[in-house]
Each structure stands twice: as structure tokens, then as C-alpha cells.
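Enquirer: My structure is stored as input02.txt, with compact mmCIF, C-alpha atoms.
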# COMPACT_ATOMS: atom_id res chain seq x y z
CA MET C 1 74.70 38.37 18.78
CA VAL C 2 75.56 36.54 15.58
CA LEU C 3 74.73 39.69 13.61
CA VAL C 4 76.91 41.85 15.89
CA GLN C 5 79.83 39.45 15.63
CA LEU C 6 79.47 39.28 11.84
CA LEU C 7 79.48 43.07 11.54
CA GLY C 8 82.41 43.33 13.96
CA THR C 9 84.43 40.85 11.93
CA VAL C 10 83.73 42.65 8.66
CA VAL C 11 84.49 46.08 10.12
CA GLY C 12 87.66 44.75 11.75
CA GLY C 13 88.92 43.25 8.49
CA PHE C 14 88.09 46.44 6.59
CA SER C 15 89.82 48.56 9.27
CA ALA C 16 93.04 46.57 8.97
CA ARG C 17 93.35 47.68 5.34
CA TYR C 18 91.79 51.12 5.75
CA LEU C 19 94.07 52.23 8.59
CA GLN C 20 97.25 50.60 7.34
CA GLY C 21 100.12 52.98 8.07
CA GLU C 22 98.07 55.14 10.46
CA GLY C 23 99.26 55.86 13.96
CA GLY C 24 97.18 54.74 16.91
CA GLN C 25 96.10 51.39 15.42
CA THR C 26 96.62 49.61 18.75
CA ARG C 27 94.29 52.11 20.43
CA TYR C 28 91.77 51.63 17.62
CA VAL C 29 91.74 47.83 17.91
CA ALA C 30 91.36 47.97 21.70
CA ALA C 31 88.43 50.39 21.40
CA LEU C 32 86.76 48.30 18.68
CA ALA C 33 87.04 45.17 20.83
CA GLY C 34 85.68 47.11 23.81
CA VAL C 35 82.63 48.28 21.85
CA LEU C 36 81.83 44.75 20.64
CA ALA C 37 82.27 43.26 24.12
CA SER C 38 80.03 45.90 25.70
CA VAL C 39 77.35 45.38 23.06
CA HIS C 40 77.37 41.62 23.72
CA VAL C 41 76.92 42.23 27.46
CA LEU C 42 73.99 44.55 26.72
CA LEU C 43 72.35 41.94 24.51
CA LEU C 44 72.60 39.33 27.27
CA ALA C 45 71.50 41.65 30.08
CA ASN C 46 68.51 40.54 32.16
CA HIS C 47 69.00 43.16 34.86
CA TRP C 48 68.50 46.92 34.84
CA LEU C 49 71.94 47.73 36.25
CA VAL C 50 73.74 45.43 33.85
CA LEU C 51 71.90 47.01 30.93
CA ILE C 52 72.71 50.55 32.09
CA ALA C 53 76.37 49.76 32.78
CA ALA C 54 76.83 48.01 29.43
CA TRP C 55 75.18 50.83 27.48
CA ALA C 56 77.32 53.42 29.28
CA ALA C 57 80.42 51.35 28.49
CA VAL C 58 79.46 51.27 24.80
CA GLY C 59 79.30 55.06 24.73
CA PHE C 60 82.53 55.53 26.69
CA VAL C 61 84.60 53.24 24.47
CA LEU C 62 82.97 54.55 21.31
CA GLN C 63 84.24 58.03 22.22
CA GLN C 64 87.78 56.77 21.60
CA LEU C 65 86.83 55.81 18.05
CA LEU C 66 84.89 58.99 17.31
CA CYS C 67 87.92 61.06 18.39
CA PHE C 68 90.44 58.87 16.60
CA TYR C 69 91.76 62.12 15.09
CA PRO C 70 91.77 64.31 18.23
CA ASP C 71 92.95 67.43 16.40
CA ARG C 72 89.71 67.78 14.41
CA PRO C 73 87.41 70.36 16.04
CA PHE C 74 84.11 69.11 14.68
CA ALA C 75 84.89 65.54 15.75
CA ALA C 76 85.56 66.85 19.29
CA LEU C 77 82.32 68.85 19.22
CA ALA C 78 80.31 65.85 18.05
CA ALA C 79 81.86 63.66 20.74
CA HIS C 80 80.98 66.25 23.40
CA LYS C 81 77.38 66.50 22.19
CA LYS C 82 77.09 62.73 22.25
CA ARG C 83 78.56 62.64 25.76
CA MET C 84 75.91 65.09 26.94
CA ALA C 85 73.12 63.03 25.40
CA ASP C 86 74.53 59.84 26.91
CA ARG C 87 74.72 61.29 30.43
CA MET C 88 71.14 62.53 30.25
CA ALA C 89 70.09 59.10 28.97
CA ASP C 90 71.96 57.40 31.83
CA MET C 91 70.07 59.50 34.40
CA LEU C 92 66.75 58.68 32.76
CA LEU C 93 67.60 54.98 32.67
CA LEU C 94 68.55 55.04 36.34
CA ALA C 95 65.23 56.72 37.11
CA ALA C 96 63.38 54.09 35.05
CA ALA C 97 65.23 51.30 36.83
CA ALA C 98 64.58 52.78 40.28
CA MET C 99 60.84 53.12 39.71
CA ALA C 100 60.55 49.60 38.29
CA TRP C 101 62.71 48.17 41.07
CA VAL C 102 60.60 49.78 43.80
CA GLU C 103 57.35 48.53 42.27
CA VAL C 104 58.45 45.00 41.32
CA GLY C 105 60.89 44.40 44.15
CA SER C 106 63.49 43.12 41.71
CA ALA C 107 65.65 44.52 38.91
CA SER C 108 65.26 41.41 36.77
CA PHE C 109 63.50 41.81 33.42
CA THR C 110 61.95 38.37 33.86
CA ASP C 111 60.40 39.40 37.17
CA LEU C 112 59.23 42.65 35.57
CA LYS C 113 57.49 40.74 32.79
CA ASN C 114 55.79 38.41 35.27
CA HIS C 115 54.66 41.36 37.39
CA LEU C 116 53.17 43.15 34.38
CA ALA C 117 51.17 40.03 33.48
CA GLN C 118 49.43 39.98 36.87
CA GLY C 119 47.16 42.97 36.51
CA PRO C 120 46.81 46.75 36.23
CA VAL C 121 50.00 48.79 35.98
CA SER C 122 50.90 51.34 38.63
CA VAL C 123 51.88 54.96 38.04
CA LEU C 124 55.47 54.10 38.93
CA LEU C 125 55.78 51.58 36.10
CA GLN C 126 54.19 53.98 33.65
CA GLY C 127 56.72 56.61 34.70
CA SER C 128 59.47 54.03 34.25
CA ALA C 129 58.31 53.40 30.68
CA VAL C 130 58.29 57.13 29.88
CA CYS C 131 61.83 57.57 31.24
CA LEU C 132 62.94 54.55 29.20
CA VAL C 133 61.49 56.03 26.01
CA LEU C 134 63.13 59.42 26.60
CA ALA C 135 66.48 57.70 27.24
CA VAL C 136 66.17 55.73 23.99
CA VAL C 137 65.30 58.90 22.07
CA LEU C 138 68.55 60.45 23.32
CA ARG C 139 70.62 57.34 22.60
CA THR C 140 69.30 56.86 19.08
CA ALA C 141 69.88 60.50 18.04
CA LEU C 142 66.31 61.44 17.25
CA LEU C 143 65.50 65.07 16.58
CA PRO C 144 66.47 67.51 18.03
CA VAL C 145 69.58 65.80 19.52
CA HIS C 146 70.62 64.25 16.21
CA GLY C 147 73.45 66.62 15.35
CA TRP C 148 76.30 64.57 16.78
CA LEU C 149 75.41 61.61 14.55
CA ILE C 150 75.78 63.83 11.47
CA GLN C 151 78.99 65.49 12.64
CA VAL C 152 80.96 62.31 13.42
CA MET C 153 81.68 61.90 9.72
CA GLU C 154 85.26 62.99 10.40
CA ALA C 155 85.85 59.65 12.12
CA PRO C 156 87.26 56.82 9.96
CA THR C 157 84.74 55.21 7.61
CA PRO C 158 84.73 51.81 9.43
CA VAL C 159 83.81 53.67 12.64
CA SER C 160 80.83 55.17 10.82
CA ALA C 161 79.83 51.71 9.64
CA LEU C 162 80.07 50.31 13.18
CA LEU C 163 78.10 53.22 14.64
CA HIS C 164 75.32 53.41 12.07
CA ALA C 165 74.95 49.67 11.52
CA GLY C 166 75.25 48.51 15.10
CA VAL C 167 75.54 50.85 18.06
CA ILE C 168 72.77 53.26 17.07
CA ASN C 169 70.32 50.34 16.67
CA LEU C 170 70.63 49.32 20.32
CA GLY C 171 67.78 51.63 21.29
CA ALA C 172 65.31 49.67 19.20
CA PHE C 173 66.62 46.39 20.64
CA VAL C 174 66.09 47.64 24.20
CA LEU C 175 62.52 48.69 23.37
CA ILE C 176 61.77 45.28 21.86
CA ARG C 177 63.37 43.61 24.89
CA LEU C 178 61.14 45.62 27.24
CA ALA C 179 58.02 45.54 25.07
CA PRO C 180 55.72 44.41 27.95
CA LEU C 181 56.60 47.59 29.86
CA LEU C 182 55.83 49.75 26.82
CA GLU C 183 52.49 48.06 26.27
CA ALA C 184 51.44 49.00 29.79
CA ALA C 185 52.13 52.73 29.27
CA PRO C 186 50.10 54.46 26.51
CA LEU C 187 51.89 57.77 27.11
CA ALA C 188 55.25 56.12 26.40
CA GLN C 189 53.88 54.63 23.19
CA TRP C 190 52.53 57.98 22.01
CA LEU C 191 55.88 59.63 22.75
CA LEU C 192 57.55 57.07 20.50
CA VAL C 193 54.98 57.58 17.75
CA VAL C 194 55.23 61.38 17.74
CA CYS C 195 59.04 61.58 18.06
CA GLY C 196 59.61 58.77 15.59
CA LEU C 197 57.17 60.10 13.00
CA LEU C 198 58.51 63.66 13.11
CA THR C 199 62.10 62.42 12.91
CA ALA C 200 61.35 60.13 9.97
CA MET C 201 59.56 62.90 8.06
CA LEU C 202 62.02 65.74 8.65
CA ALA C 203 65.21 63.70 8.35
CA GLY C 204 63.88 62.08 5.17
CA LEU C 205 63.48 65.52 3.60
CA VAL C 206 66.90 66.74 4.77
CA MET C 207 68.59 63.64 3.34
CA LEU C 208 67.50 64.61 -0.19
CA THR C 209 69.38 67.91 -0.01
CA ARG C 210 72.76 66.45 0.92
CA VAL C 211 75.62 66.00 -1.56
CA SER C 212 78.26 64.29 0.58
CA ILE C 213 77.60 60.55 0.46
CA LYS C 214 78.52 59.91 4.12
CA VAL C 215 76.41 62.82 5.37
CA ARG C 216 73.52 61.63 3.22
CA LEU C 217 73.83 58.16 4.73
CA ALA C 218 73.95 59.69 8.22
CA TRP C 219 70.67 61.55 7.67
CA SER C 220 69.25 58.32 6.28
CA THR C 221 70.16 56.64 9.57
CA VAL C 222 68.38 59.35 11.54
CA ALA C 223 65.26 58.83 9.42
CA GLN C 224 65.48 55.05 9.77
CA MET C 225 65.85 55.30 13.55
CA GLY C 226 62.74 57.48 13.66
CA PHE C 227 60.83 54.93 11.59
CA MET C 228 62.12 52.05 13.73
CA LEU C 229 61.02 53.70 16.97
CA LEU C 230 57.71 54.57 15.32
CA GLN C 231 57.18 50.86 14.69
CA CYS C 232 57.87 50.10 18.35
CA GLY C 233 55.41 52.81 19.40
CA LEU C 234 52.78 51.28 17.13
CA GLY C 235 53.30 47.87 18.73
CA LEU C 236 54.82 46.35 15.56
CA TYR C 237 57.76 44.72 17.31
CA SER C 238 58.32 41.92 14.79
CA LEU C 239 58.47 44.48 11.97
CA ALA C 240 60.88 46.61 14.04
CA LEU C 241 63.06 43.54 14.59
CA LEU C 242 63.15 42.80 10.85
CA HIS C 243 63.88 46.48 10.17
CA LEU C 244 66.74 46.40 12.69
CA LEU C 245 68.37 43.37 11.07
CA GLY C 246 67.95 44.71 7.55
CA HIS C 247 69.14 48.22 8.38
CA SER C 248 72.25 46.89 10.12
CA LEU C 249 73.35 44.86 7.11
CA TYR C 250 72.43 47.52 4.55
CA LYS C 251 74.00 50.47 6.36
CA ALA C 252 77.26 48.64 7.10
CA HIS C 253 77.57 47.78 3.41
CA ALA C 254 76.60 51.30 2.32
CA PHE C 255 79.30 52.97 4.42
CA LEU C 256 82.02 50.50 3.54
CA VAL C 257 81.38 50.93 -0.20
CA SER C 258 80.76 54.68 -0.01
CA SER C 259 83.69 55.39 -2.33
CA SER C 260 82.14 53.07 -4.93
CA VAL C 261 78.83 54.92 -4.54
CA VAL C 262 80.60 58.19 -5.36
CA ARG C 263 81.97 56.68 -8.56
CA TYR C 264 78.57 55.23 -9.46
CA THR C 265 76.83 58.59 -8.88
CA LYS C 266 79.35 60.38 -11.09
CA HIS C 267 78.79 57.76 -13.78
CA GLN C 268 75.02 58.20 -13.58
CA THR C 269 75.43 61.99 -13.87
CA MET C 270 77.65 61.65 -16.93
CA MET C 271 75.11 59.29 -18.50
CA GLY C 272 72.36 61.87 -18.02
CA GLN C 273 70.40 59.97 -15.37
CA SER C 274 67.17 61.90 -14.72
CA ASN C 275 64.51 61.82 -12.07
CA ALA C 276 61.74 59.27 -11.73
CA HIS C 277 58.87 59.24 -14.21
CA ALA C 278 55.83 61.12 -12.92
CA LEU C 279 53.44 58.23 -13.59
CA SER C 280 55.53 55.79 -11.55
CA LEU C 281 55.61 58.19 -8.59
CA TRP C 282 51.84 58.12 -8.16
CA LEU C 283 51.28 54.51 -9.25
CA ALA C 284 53.96 53.20 -6.90
CA PRO C 285 51.96 53.39 -3.63
CA VAL C 286 48.92 51.82 -5.30
CA VAL C 287 50.91 48.91 -6.73
CA SER C 288 52.87 48.53 -3.49
CA ALA C 289 49.63 48.40 -1.48
CA GLY C 290 48.27 45.71 -3.80
CA VAL C 291 51.40 43.58 -3.44
CA VAL C 292 51.47 43.95 0.36
CA ALA C 293 47.76 43.07 0.64
CA SER C 294 48.20 40.01 -1.61
CA VAL C 295 51.17 38.69 0.34
CA ASN C 296 49.38 39.44 3.61
CA SER C 297 46.29 37.47 2.57
CA GLY C 298 48.37 34.59 1.22
CA LEU C 299 50.40 34.26 4.40
CA ALA C 300 47.26 34.43 6.55
CA LEU C 301 45.78 31.50 4.62
CA TRP C 302 49.01 29.54 4.48
CA LEU C 303 50.06 29.97 8.12
CA GLY C 304 46.54 30.01 9.50
CA GLY C 305 46.98 33.34 11.23
CA THR C 306 45.16 36.64 11.08
CA ALA C 307 45.73 39.32 8.49
CA TRP C 308 47.52 42.54 9.42
CA PRO C 309 45.45 45.61 10.18
CA LEU C 310 44.74 47.80 7.17
CA TRP C 311 46.83 50.69 8.51
CA TRP C 312 49.77 48.32 9.06
CA SER C 313 49.66 47.34 5.38
CA ALA C 314 49.35 51.00 4.39
CA ILE C 315 52.49 51.96 6.35
CA MET C 316 54.53 49.18 4.74
CA ALA C 317 53.18 50.03 1.28
CA LEU C 318 54.16 53.71 1.65
CA ALA C 319 57.57 52.82 3.07
CA TRP C 320 58.41 50.47 0.19
CA ALA C 321 56.74 52.41 -2.63
CA PRO C 322 60.00 54.18 -3.68
CA LEU C 323 61.29 50.78 -4.77
CA LEU C 324 58.80 51.04 -7.64
CA TRP C 325 59.96 54.43 -8.92
CA VAL C 326 60.96 54.11 -12.58
CA SER C 327 63.50 56.37 -14.26
CA GLN C 328 62.50 58.65 -17.12
CA THR C 329 65.55 57.63 -19.14
CA PRO C 330 65.51 54.49 -21.32
CA LEU C 331 66.92 51.36 -19.78
CA VAL C 332 69.88 49.42 -21.03
CA PHE C 333 67.53 46.67 -22.17
CA GLY C 334 65.46 49.01 -24.32
CA SER C 335 62.92 51.75 -23.94
CA ALA C 336 60.45 49.56 -22.03
CA ARG C 337 60.59 49.94 -18.24
CA ILE C 338 59.03 46.61 -17.43
CA TRP C 339 62.28 45.31 -15.93
CA GLN C 340 62.37 48.05 -13.31
CA TRP C 341 58.72 47.49 -12.43
CA ALA C 342 59.28 43.73 -12.12
CA THR C 343 62.33 44.23 -9.89
CA GLY C 344 60.48 46.68 -7.66
CA VAL C 345 57.42 44.45 -7.32
CA GLY C 346 59.68 41.51 -6.50
CA LEU C 347 61.46 43.45 -3.76
CA VAL C 348 58.20 44.65 -2.20
CA ALA C 349 56.83 41.09 -2.27
CA LEU C 350 60.02 39.72 -0.70
CA LEU C 351 60.00 42.31 2.09
CA SER C 352 56.30 41.69 2.77
CA PHE C 353 56.92 37.95 2.90
CA MET C 354 59.83 38.36 5.33
CA ALA C 355 57.76 40.65 7.54
CA GLY C 356 54.94 38.10 7.61
CA VAL C 357 57.26 35.22 8.44
CA VAL C 358 58.98 37.12 11.25
CA HIS C 359 55.54 38.08 12.58
CA ALA C 360 54.47 34.42 12.58
CA LEU C 361 57.64 32.88 14.05
CA PRO C 362 57.74 32.26 17.83
CA LEU C 363 60.53 34.76 18.52
CA GLY C 364 59.21 35.87 21.89
CA VAL C 365 58.09 39.17 20.34
CA VAL C 366 54.33 39.67 20.55
CA ASP C 367 52.86 42.44 18.39
CA ALA C 368 50.20 44.63 19.99
CA PRO C 369 49.00 47.06 17.28
CA ASN C 370 47.97 50.53 18.45
CA ASN C 371 45.13 51.38 16.08
CA GLN C 372 44.67 55.03 17.05
CA ALA C 373 48.36 55.82 16.66
CA GLY C 374 48.43 53.76 13.47
CA VAL C 375 46.00 56.13 11.74
CA LEU C 376 48.22 59.09 12.65
CA ALA C 377 51.27 57.24 11.34
CA VAL C 378 49.56 56.57 8.00
CA VAL C 379 48.74 60.26 7.60
CA GLY C 380 52.32 61.23 8.41
CA MET C 381 53.80 58.63 6.06
CA ALA C 382 51.46 59.75 3.28
CA ALA C 383 52.55 63.38 3.75
CA LEU C 384 56.19 62.33 3.67
CA TYR C 385 55.67 60.29 0.51
CA VAL C 386 53.96 63.22 -1.26
CA CYS C 387 56.89 65.51 -0.39
CA LEU C 388 59.44 62.94 -1.55
CA ALA C 389 57.56 62.35 -4.80
CA VAL C 390 57.28 66.06 -5.57
CA LEU C 391 60.95 66.67 -4.80
CA GLN C 392 61.93 63.66 -6.92
CA TYR C 393 59.97 64.85 -9.95
CA LYS C 394 60.62 68.62 -9.61
CA PRO C 395 63.42 69.32 -7.12
CA ASN C 396 62.69 73.06 -7.13
CA ALA C 397 58.94 72.73 -6.64
CA LEU C 398 59.21 73.17 -2.87
CA SER C 399 61.94 75.78 -2.89
CA VAL C 400 61.15 77.22 0.54
CA TRP C 401 61.06 73.77 2.15
CA HIS C 402 64.19 72.87 0.21
CA ARG C 403 66.11 75.73 1.87
CA TRP C 404 64.84 74.79 5.30
CA SER C 405 65.65 71.13 4.64
CA TYR C 406 69.17 71.97 3.57
CA ALA C 407 69.63 73.76 6.89
CA GLY C 408 68.30 70.74 8.77
CA PHE C 409 65.34 72.88 9.84
CA TYR C 410 67.83 74.62 12.19
CA LEU C 411 67.00 72.09 14.90
CA ASP C 412 70.61 71.27 15.73
CA GLU C 413 71.57 74.91 16.27
CA PHE C 414 69.90 75.08 19.69
CA TYR C 415 71.51 71.87 20.94
CA THR C 416 74.94 72.93 19.65
CA ARG C 417 74.74 76.29 21.43
CA LEU C 418 73.60 74.57 24.60
CA ALA C 419 76.50 72.12 24.35
CA LEU C 420 79.03 74.94 24.00
CA LYS C 421 77.52 76.85 26.92
CA LEU C 422 77.55 73.81 29.21
CA MET C 423 81.09 72.87 28.28
CA PRO C 424 83.37 74.08 31.09
CA GLY C 425 86.55 75.77 29.89
CA GLY C 426 88.72 73.36 31.80
CA TRP C 427 87.09 70.40 30.09
CA MET C 428 86.90 71.92 26.63
CA PRO C 429 89.06 70.07 24.07
CA SER C 430 91.81 72.29 22.66
CA PRO C 431 90.38 72.36 19.09
CA LEU C 432 87.02 73.54 20.43
CA MET C 433 88.72 76.08 22.67
CA ALA C 434 90.39 77.54 19.59
CA MET C 435 87.02 77.68 17.79
CA GLN C 436 85.39 79.38 20.78
CA THR C 437 88.23 81.90 21.10
CA GLN C 438 88.10 82.71 17.42
CA ARG C 439 84.32 83.17 17.52
CA ASP C 440 84.41 85.43 20.58
CA ALA C 441 87.36 87.56 19.39
CA PRO C 442 86.43 91.14 18.36
CA ALA C 443 86.49 91.93 14.67
CA HIS C 444 89.35 94.10 13.38
CA GLY C 445 89.36 96.68 10.64
CA THR C 446 85.62 97.20 10.63
Could you render the structure from this file as C-alpha cells?

Expert:
Amino acid sequence: MVLVQLLGTVVGGFSARYLQGEGGQTRYVAALAGVLASVHVLLLANHWLVLIAAWAAVGFVLQQLLCFYPDRPFAALAAHKKRMADRMADMLLLAAAAMAWVEVGSASFTDLKNHLAQGPVSVLLQGSAVCLVLAVVLRTALLPVHGWLIQVMEAPTPVSALLHAGVINLGAFVLIRLAPLLEAAPLAQWLLVVCGLLTAMLAGLVMLTRVSIKVRLAWSTVAQMGFMLLQCGLGLYSLALLHLLGHSLYKAHAFLVSSSVVRYTKHQTMMGQSNAHALSLWLAPVVSAGVVASVNSGLALWLGGTAWPLWWSAIMALAWAPLLWVSQTPLVFGSARIWQWATGVGLVALLSFMAGVVHALPLGVVDAPNNQAGVLAVVGMAALYVCLAVLQYKPNALSVWHRWSYAGFYLDEFYTRLALKLMPGGWMPSPLMAMQTQRDAPAHGT
């Protein structure tokens, strides 16, 4: 709640300057306050119905911000696609709540946790967990329903910061909150692992092909959400919690300074900034694994706990290895690249230390590693790292994949067509109606 209020304050202050002179500022402030209030209710919810109502309210009020400029067709299309995903998620959440309520006899999360601790889990509760996972997949814009998150870039920049740094992360929070239910349903965990891993891999490749800074950040969010839900599926809830906090702060800052990033990128291009050195690309995972293992062993001795599983360390090492990529061009401090290596090693060590501390603290989040799924996750992360390294060193080496990546693997096309088909004419926003009419009109002068 402190994090949400901090982000809300920063976004509100930025919005006051960003939207100065714009019409509709009163409507914007009311919607921003409504989103923050609804998020706070969701965070405090200890009842299925309160959670569902608060999450629905977040989506409803957020629609007003996404369509701040109602005359923009793609903003209206993105808002409609998000509305479809939200309604499907609401139905799945109601189904999850109903099954859990019937089995437990109460809609309280506390009673649900106590019931799960008593013994074997029924089929109803396992079905409830599966419906919960599917609802979270829809809410967090995992593939293939990710398109709306990419297309809302026409909304004001502070809205993007609020969405990508806060609202979209609520799915991971709900999974952490209901971790005991997930642990009782292996099918739900495997759904998270498969959906999260595929989303992280594909979205990570698509991100590299984007030129627009906001669109690139949006694809980064999709990849990060996939990785965050993968962590929940693997039972690494403390790591997912740390990832949630870090991603919220980083992504809010990244969107709010996106104009500065454009200037920095242009400067790097003018200075002849090249790709990473080949040697650093292949040494990075080895060095990162060594740092993670060292920190892991040190924390286990210091705190008196147990060391992380080997696959857990491998996932973190692969995820943080890009921090050790060293540029081919000489540094400002001379031709030696030791400064970049030292900075990268320091960041990997810091992140490993923070992950270990969060894992050890009594936060009410108990990790339950899924070893079988962990092996699959390591293989997927290794494949993703190889693709990223090859594309970083020789961008044209995977030309066929590059074309598919640039097209987003065409996954959003099916959902977009479905959204347009299911959109009744009477409910179709006027900009979209114009797009539909123009598309369906016969060609002239053939």
C-alpha cells in the first residue's frame, strides 16, 4: 500500500505538469483517484467478493484514463479489447469464488487457508485454482491477449506509468495472496509455468525489434509479467514479491523519463555505440551463476537457512546475466572494460542478496519450489538467453525469427479480429465504426 501510494503521488504530480492546459483534467483526476482507491481496497480484501468487486472497479475506472482522448481509434480498440478480457476474467473469478465458497463454507481467505491446511484438497478447490490462474492470465495481459497493453500507448504517458507500474502487477499480488490455494493444485501451477514461460520468451524477442520507446517498454512489461507469473508457478513467491516491487519502481521511472531515454539513445547512436562484445555474451551467464551461488551460500551460512535449489539459482543467473554484457566500444575511462564488469557483478550480487533477504524474512510468504517445473523453466530461460545473445551480437543472424518477432508472432491478430466481431454495432465507439466502415467498403477504380 505504501508503494501504491508513492507511485500514485509521483504520477499525480507528473500529470499536473504533463496535462497542463489540456481539457478534461477534472475527469482525469477523478479517474486517477478512483483507480488508487480501488487498488487499495483490493490490497486489503480478505473476501472473494470484495476482491472481485475491487478488481472490476479498477478496470472500469481505468477505462476512463485509457480513453482520455476518445477520438483516437486505436485507443478505443485497445479499451474494448481490455474490456473483453476483464469480463472474461470476472466470470472466471466468480466461478473460482463459487467453488471455493461451496467447499469451505465461507468466502474468507483466512478460512480458505485454514481449510487447505487440514488435509487433502477436493476437486472443487483445484478447479477454483485453475479458474483463478486463467483469470490472472487475462488480467495481466499474457499472450495471446496481450495486444491491448501494447495499443494503449496513445493514452497520456502518466497513464502508461500507472498501468505498467501498478495496475498490471495486481495479478501477481493476487497469486501471492492466494498461494496456499495454488500449492494445492498442480494443474494450476503448470498452467502458470507454461503460459508465463512462453510469454517471457516470445515477448522478450519481440521487444528487441521495437523502435518506439513506449512500445518497447510495453513489450518489456508483457515479458516481465510472464516471468513474474512463472515465478509464482514455480513456487518462488518471495522472489515474485521482490520482482513485483522492483518492476513497479523501475517501470514507473522508465515511462516518466521516456523522453530522456529517446535523447540518450540518439546520443548513443551518434557516438557510434555498438553491440555487446561476443566474449561477454557467453561469459555473462557463467559469471552470473558464480555470483548467485556465492551469495546464496553466504546467506545460508549467515542466516542459518537452507540454500536455494540449483535450478532456482540457474534461473536467477540467466535472468540477470544481461547486466554483465560489455560493449565493444571503448569506455570513457579508457579501453579497459573492467568498470562495466565490476558494475554488472555488483548489481547481480545486490539483486541476489535482496532475493535472499526477502526469502528469509517472515513476510507470510512461504516458498514451495516445484522442482519438475523448475527444470523446464531453466531450459526455456536458457533458450531465451541464447536467442537474445545472438540477436545482440548479430541482429540479422536470425532473420526469419526477426521478421516474425517484429510482427509479434501474429498472436494478437486473432484476438483483434474476435474483438471486432463480438463488438455490437450499437456499442461500437464512433472511431472504430469509421475504421470498420472504411475496411468493409468496396475498392474503387480497380

Enquirer: In Å, with one decimal, what is the gap from CA of Val292 in chain C to CA of Val366 in chain C?

Expert: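 CA of Val366 in chain C lies at a distance of 20.8 Å from CA of Val292 in chain C.
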
Enquirer: Would you pick out the contacts of range 64-72 of chain C at 7 Å or less, using all atoms listed in the file, so that residues sharing its chain but fewer than 2 positions from it are not included, and give the list as a list in words?

Expert: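 Skipping anything fewer than 2 positions along the chain leaves Tyr28, Ala31, Val61, Leu62, Phe74, Ala75, Ala76, Ala79, Val152, Ala155, Val159 and Pro431 of chain C.
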
Enquirer: Taking all atoms listed in the file into account, name the residue in C:Ser313, C:Ser38, C:Thr26, C:Gln231 that is nearest to Met1 in chain C.

Expert: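 Residue with the minimum atom-to-atom distance to Met1 in chain C: C:Ser38.
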
Enquirer: Kindly indicate which residue among C:Phe227, C:Trp55, C:Tyr385, C:Trp404 lies nearest to His243 in chain C, using only C-alpha atoms for the distances.

Expert: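 The answer is C:Phe227, which sits nearest to His243 in chain C.
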
Enquirer: Residues within 12 Å of Glu183 in chain C, please, as an NGL selection string. Count only C-alpha atoms; anything in the same chain fewer than 2 positions from it doesn't count.

Expert: :C and (113 or 116-117 or 120-121 or 125-126 or 129-130 or 175-181 or 185-190 or 192 or 232-237 or 366-370)

Enquirer: Which residue out of C:Ala223, C:Leu303, C:Ala383, C:Leu51 has the minimum interatomic distance to Ala107 in chain C when only C-alpha atoms are used?

Expert: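 Ranking C:Ala223, C:Leu303, C:Ala383, C:Leu51 by distance to Ala107 in chain C, first place goes to C:Leu51.
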
Enquirer: I'd like the neighbourhood of Leu6 in chain C as a ChimeraX atom specification, where a residue qualifies if any of its atoms comes within 12 Å (using all atoms listed in the file), though same-chain residues fewer than 4 positions away should be ignored.

Expert: /C:1-2,10-13,36,162,165-166,245,248-249,252

Enquirer: Could you give me, as a ChimeraX atom specification, the residues within 8 Å of Met228 in chain C, counting only C-alpha atoms and dropping anything in the same chain fewer than 5 positions from it?

Expert: /C:172,196,240,243-244

Enquirer: Keeping C-alpha atoms for every residue in the selection just given, could you write it to a file as a PDB file, in the coordinates of the input?

Expert:
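Below is the file that was written, selection14.pdb:
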ATOM      1  CA  ALA C 172      65.310  49.670  19.200  1.00  0.00           C
ATOM      2  CA  GLY C 196      59.610  58.770  15.590  1.00  0.00           C
ATOM      3  CA  ALA C 240      60.880  46.610  14.040  1.00  0.00           C
ATOM      4  CA  HIS C 243      63.880  46.480  10.170  1.00  0.00           C
ATOM      5  CA  LEU C 244      66.740  46.400  12.690  1.00  0.00           C
TER       6      LEU C 244
END

Enquirer: Find the distance between CA of Leu350 in chain C and CA of Leu384 in chain C and write it in Å to one decimal.

Expert: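 Spanning CA of Leu350 in chain C to CA of Leu384 in chain C is a straight-line distance of 23.3 Å.
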
Enquirer: CA of Lys81 in chain C and CA of Thr416 in chain C are how many Å apart?

Expert: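 Between these atoms lies a distance of 7.3 Å.
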
Enquirer: Extract, using all atoms listed in the file, all DNA, RNA and protein residues at most 12 Å from Leu134 in chain C, discarding same-chain residues fewer than 6 positions from it, and format them as a VMD selection string.

Expert: chain C and resid 85 to 86 88 to 96 127 to 128 140 to 143 145 171 175 187 to 192 195 to 196 229

Enquirer: Which of these, C:Arg210, C:Arg17, C:His80, C:Arg403, has the shortest distance to Thr157 in chain C once you count all atoms listed in the file?

Expert: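 Closest residue, counting all atoms listed in the file: C:Arg17.
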
Enquirer: Under the rule that all atoms listed in the file are counted, which of C:Ser212, C:Ser352, C:Ser122, C:Ser297 is the nearest residue to Ile315 in chain C?

Expert: C:Ser352

Enquirer: Nearest to Gly204 in chain C among C:Ala184, C:Thr9, C:Val326, C:Leu391, with distances taken over all atoms listed in the file: which residue is it?

Expert: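 Between C:Ala184, C:Thr9, C:Val326, C:Leu391, the residue approaching Gly204 in chain C most closely is C:Leu391.
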